[in-house]
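A quick write-up on the structure given underneath.
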Amino acid sequence: MIIQVSKFGEILVSRPAGREHALIMRSSFRPATEEEFLELDFAGVRVVAPSWLDEVLTLLREEYGDRVICLPCANESLVQSLKTLEALPPEPPA
Amino acid sequence: MIPEALRQCIEWYVSAGGLSVPDADQYCQTRDAFEGRLARLLADAANVGLPEADAALLTAVAGEIGNNSFDHNLGHWRDQPGCYFAYAADASELLVWIADRGRGVLASLQQAVPALSDHQQALEMAFERIVSGRHPERRGNGLKFVRSVINADRDRGLVSVSGRGKLAFGGLGPALLGSTGWPTEQDYGTLTLVGCKGL
C-alpha cells in the first residue's frame, strides 16, 4: 500500500497537522495483508519538518510497526527530519 | 544588515503593554495563519535564488520555531496570542524572525524539569537536549533539527533570546548576534532570528 503524501499538502510541519493526517492515513489506507508494507511516498512534497513526521510515524507504527517505511526521496528536509528522529527506514521488501 | 522591520518586532517584543496588533503581513494570530505564510516564505526564498533544498530546509526551520510558539503558549499567552513572523530576502541574504510574547522557554521547560531556574540554561537545554515543556508527551526533537540544519552550513546562523537567556550558533551566528541589541531584560517571550547568506 502506497500513500501519496503530497495529497496532504506540500508543506508539512506541525504536530497538529501530522496527528490529523496520521489518523486519516490509518483509517483510509490499510495494507491488504499482515505482510504488506505501508509505504509513504513523498514525491511532490516540498517541506517536511520532524514534528509533523514524528506524529505520522509514531501513530502509524503503533498500528503497523516496522512495516511503515518512507520511500527513498531526495527531499533534504525529509532526509534531515528522518535523521533527527533517528527513524531511518528499514530496507524495503525485496 | 538588520532591517527596520526587525527593529519594529523587537520594540513590540519588549513593549510594556498597550500593544496594538501588528500588521497581518508580519503577525500571525493563529497557527493556520502562520502555516499559510510559510508557503510565502518558501516561494519568496526560491524567487531570490535560494536553491530548492535550502529553501525547504529553512522553511522547515521556521516552521518548527513558529509552531513552538503555539505548541507551548496556547492557554498561556501573556497578552496577544500568536507570533510575529516576518522575513527579508534579497539576492545576498535571507533573514527570518519569529517572536512571541508567550511564557518563554524557561517556564515551559519547568513543566518537564521543575528544578530548572535559569533562562540561559533553559534555552541551551531546549536546543541541545531531547526535552519538551509538553511533558509527558514525547516531544522535543524540533529544535535539535533546527540546530542541526543551521550548523550544517557555515553560511547559516541563528540567534535566539528567551526571557533573560540568549544563544547564537552557526557560522553566521556571531555576526547576527552583533548586528543589533538583543532584549534580555524581561521574563517572558521568545525571539529568534535565522540568517542565510550567499543565495
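Chain labels A, B, ... are given in the sequence in which chains occur in the C-alpha cells; within each chain residues are numbered consecutively from 1, and ligands are likewise numbered from 1 in the order shown.
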Which residues of stretch 1-42 of chain A come within 12 Å of stretch 139-150 of chain B, and what is each one's closest atom pair and distance in Å (one decimal), counting only C-alpha atoms, sorted by chain and residue number, as CSV?
```
residue,atom,partner,partner_atom,distance
A:Val13,CA,B:Gly142,CA,9.9
A:Ser14,CA,B:Gly142,CA,10.0
A:Arg15,CA,B:Arg139,CA,9.7
```
Please produce a file of the residues just selected, as a compact mmCIF listing (two decimals), in the first residue's frame, where the atoms kept are C-alpha atoms.
```txt
# COMPACT_ATOMS: atom_id res chain seq x y z
CA VAL A 13 5.46 20.93 9.52
CA SER A 14 3.17 21.00 12.56
CA ARG A 15 2.26 18.34 15.09
```
Exercise. Quick one: residues within 12 Å of stretch 14-25 of chain B, only C-alpha atoms counted, chain neighbours fewer than 2 positions away excluded, as an MDAnalysis selection string?
Worked result: chainID B and resid 5 7:12 27:30 33:34 36:38 40:41 78:87 99:102 161:164 181:191
Prev. selection, N, CA and C atoms, output as a short mmCIF file (atom, residue, chain, number, x, y, z; two decimals), in the first residue's frame:
```cif
data_model
loop_
_atom_site.label_atom_id
_atom_site.label_comp_id
_atom_site.auth_asym_id
_atom_site.auth_seq_id
_atom_site.Cartn_x
_atom_site.Cartn_y
_atom_site.Cartn_z
N ALA B 5 12.14 46.53 9.82
CA ALA B 5 11.01 45.71 10.27
C ALA B 5 11.40 44.83 11.47
N ARG B 7 13.61 45.71 13.74
CA ARG B 7 13.64 46.62 14.89
C ARG B 7 12.22 46.84 15.44
N GLN B 8 11.25 46.95 14.53
CA GLN B 8 9.86 47.10 14.98
C GLN B 8 9.41 45.87 15.76
N CYS B 9 9.84 44.72 15.30
CA CYS B 9 9.49 43.47 16.01
C CYS B 9 10.07 43.48 17.42
N ILE B 10 11.32 43.92 17.54
CA ILE B 10 11.95 43.95 18.86
C ILE B 10 11.24 44.95 19.78
N GLU B 11 10.83 46.09 19.22
CA GLU B 11 10.08 47.08 20.01
C GLU B 11 8.77 46.47 20.51
N TRP B 12 8.11 45.73 19.64
CA TRP B 12 6.86 45.07 20.03
C TRP B 12 7.13 44.02 21.12
N TYR B 27 2.34 39.48 11.31
CA TYR B 27 1.91 38.86 12.55
C TYR B 27 0.85 37.79 12.28
N CYS B 28 0.95 36.66 12.97
CA CYS B 28 0.02 35.54 12.77
C CYS B 28 -0.66 35.26 14.11
N GLN B 29 -1.93 35.56 14.18
CA GLN B 29 -2.64 35.33 15.45
C GLN B 29 -3.01 33.87 15.64
N THR B 30 -3.03 33.10 14.55
CA THR B 30 -3.38 31.69 14.65
C THR B 30 -2.33 30.83 13.95
N ALA B 33 -2.80 30.82 10.19
CA ALA B 33 -2.23 31.99 9.51
C ALA B 33 -0.71 31.83 9.37
N PHE B 34 -0.09 31.31 10.41
CA PHE B 34 1.36 31.11 10.36
C PHE B 34 1.72 30.12 9.26
N GLY B 36 0.08 29.32 6.65
CA GLY B 36 -0.17 29.90 5.34
C GLY B 36 0.98 30.79 4.88
N ARG B 37 1.57 31.51 5.82
CA ARG B 37 2.67 32.40 5.47
C ARG B 37 3.96 31.63 5.22
N LEU B 38 4.07 30.41 5.73
CA LEU B 38 5.25 29.60 5.42
C LEU B 38 5.36 29.36 3.92
N ARG B 40 4.49 31.36 1.60
CA ARG B 40 5.03 32.59 1.00
C ARG B 40 6.53 32.68 1.22
N LEU B 41 6.99 32.30 2.42
CA LEU B 41 8.43 32.29 2.67
C LEU B 41 9.13 31.37 1.70
N ARG B 78 0.72 35.80 27.32
CA ARG B 78 0.86 36.91 28.26
C ARG B 78 -0.20 37.98 27.96
N ASP B 79 -0.34 38.33 26.68
CA ASP B 79 -1.37 39.29 26.27
C ASP B 79 -1.86 38.94 24.88
N GLN B 80 -1.05 39.21 23.84
CA GLN B 80 -1.52 38.93 22.48
C GLN B 80 -1.22 37.48 22.08
N PRO B 81 -2.22 36.76 21.63
CA PRO B 81 -1.96 35.41 21.11
C PRO B 81 -1.31 35.48 19.73
N GLY B 82 -0.44 34.52 19.47
CA GLY B 82 0.16 34.44 18.14
C GLY B 82 1.63 34.80 18.13
N CYS B 83 2.17 34.87 16.94
CA CYS B 83 3.59 35.18 16.81
C CYS B 83 3.85 36.15 15.68
N TYR B 84 4.87 36.96 15.89
CA TYR B 84 5.43 37.80 14.86
C TYR B 84 6.17 36.88 13.90
N PHE B 85 5.96 37.03 12.61
CA PHE B 85 6.68 36.19 11.64
C PHE B 85 6.91 37.03 10.39
N ALA B 86 8.13 37.41 10.18
CA ALA B 86 8.46 38.23 9.01
C ALA B 86 9.83 37.85 8.50
N TYR B 87 10.14 38.30 7.33
CA TYR B 87 11.43 37.97 6.74
C TYR B 87 11.83 39.02 5.72
N ALA B 99 8.79 35.87 16.71
CA ALA B 99 8.79 36.28 18.12
C ALA B 99 7.39 36.09 18.71
N ASP B 100 7.36 35.77 19.97
CA ASP B 100 6.07 35.73 20.67
C ASP B 100 6.23 36.31 22.06
N ARG B 101 5.11 36.76 22.60
CA ARG B 101 5.09 37.28 23.98
C ARG B 101 4.44 36.23 24.88
N GLY B 102 4.89 35.00 24.68
CA GLY B 102 4.38 33.90 25.48
C GLY B 102 5.15 33.76 26.79
N VAL B 161 16.64 34.52 21.72
CA VAL B 161 16.56 35.02 23.09
C VAL B 161 15.22 34.57 23.67
N SER B 162 15.24 34.23 24.93
CA SER B 162 14.01 33.89 25.63
C SER B 162 14.17 34.32 27.08
N GLY B 163 13.26 35.18 27.52
CA GLY B 163 13.45 35.74 28.86
C GLY B 163 14.81 36.41 28.93
N ARG B 164 15.61 36.02 29.91
CA ARG B 164 16.93 36.63 30.09
C ARG B 164 18.05 35.79 29.47
N GLY B 181 21.13 45.17 19.26
CA GLY B 181 20.99 44.86 20.67
C GLY B 181 19.83 43.88 20.86
N TRP B 182 20.06 42.88 21.69
CA TRP B 182 19.04 41.85 21.89
C TRP B 182 18.39 42.03 23.26
N PRO B 183 17.09 41.99 23.32
CA PRO B 183 16.40 42.26 24.59
C PRO B 183 16.45 41.06 25.54
N THR B 184 17.05 41.24 26.68
CA THR B 184 17.14 40.15 27.67
C THR B 184 16.83 40.67 29.07
N GLU B 185 15.92 41.63 29.14
CA GLU B 185 15.60 42.22 30.43
C GLU B 185 14.21 41.85 30.94
N GLN B 186 13.55 40.94 30.23
CA GLN B 186 12.21 40.57 30.66
C GLN B 186 12.17 39.07 30.99
N ASP B 187 11.10 38.63 31.55
CA ASP B 187 10.99 37.23 31.99
C ASP B 187 10.07 36.40 31.10
N TYR B 188 9.73 36.91 29.93
CA TYR B 188 8.76 36.21 29.09
C TYR B 188 9.29 36.15 27.66
N GLY B 189 8.54 35.43 26.84
CA GLY B 189 8.69 35.52 25.40
C GLY B 189 9.89 34.81 24.80
N THR B 190 9.85 34.70 23.49
CA THR B 190 10.93 34.11 22.71
C THR B 190 11.05 34.89 21.40
N LEU B 191 12.28 35.19 21.03
CA LEU B 191 12.56 35.92 19.79
C LEU B 191 13.72 35.22 19.10
#
```
For this session: Would you mind writing down, as a VMD selection string, each residue of chain A that DSSP on the backbone assigns to alpha helix (DSSP H)?
Result: chain A and resid 15 to 28 50 to 64 76 to 85
For this session: Could you list the residues in chain B lying within 6 Å of chain A, using only C-alpha atoms, and format the result as a list in words?
Result: Ala53, Ala56, Leu57, Ala60, Gly63 and Phe145 of chain B
Produce a file of the selected residues containing N, CA and C atoms, as a PDB file, in the first residue's frame.
```
ATOM      1  N   ALA B  53      16.518  22.998  -2.139  1.00  0.00           N
ATOM      2  CA  ALA B  53      16.809  22.230  -0.915  1.00  0.00           C
ATOM      3  C   ALA B  53      17.020  23.160   0.272  1.00  0.00           C
ATOM      4  N   ALA B  56      13.717  24.757   1.303  1.00  0.00           N
ATOM      5  CA  ALA B  56      12.887  23.799   2.039  1.00  0.00           C
ATOM      6  C   ALA B  56      13.379  23.639   3.475  1.00  0.00           C
ATOM      7  N   LEU B  57      14.691  23.536   3.631  1.00  0.00           N
ATOM      8  CA  LEU B  57      15.238  23.358   4.982  1.00  0.00           C
ATOM      9  C   LEU B  57      14.958  24.576   5.860  1.00  0.00           C
ATOM     10  N   ALA B  60      11.391  24.664   6.830  1.00  0.00           N
ATOM     11  CA  ALA B  60      11.138  23.691   7.904  1.00  0.00           C
ATOM     12  C   ALA B  60      11.632  24.234   9.241  1.00  0.00           C
ATOM     13  N   GLY B  63       9.228  26.709  10.356  1.00  0.00           N
ATOM     14  CA  GLY B  63       8.017  26.002  10.777  1.00  0.00           C
ATOM     15  C   GLY B  63       8.141  25.452  12.186  1.00  0.00           C
ATOM     16  N   PHE B 145      16.589  19.560  15.442  1.00  0.00           N
ATOM     17  CA  PHE B 145      16.593  19.642  13.977  1.00  0.00           C
ATOM     18  C   PHE B 145      17.053  21.032  13.536  1.00  0.00           C
TER      19      PHE B 145
END
```
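The space separating atom CA of B:Ala43 from atom CA of B:Gly66 comes to 17.5 Å.
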For this session: Determine, counting only C-alpha atoms, which protein, DNA and RNA residues have an atom within 6 Å of an atom of B:Leu158; residues of the same chain fewer than 4 positions away are not included. Present the result as a PyMOL selection string.
Result: chain B and resi 168-169+173+193-194
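Considering only chain A, backbone DSSP assigns strand (DSSP E or B) to Ile2, Ile3, Gln4, Ile11, Leu12, Leu38, Glu39, Leu40, Asp41, Val47, Val48, Val68, Ile69 and Cys70 of chain A.
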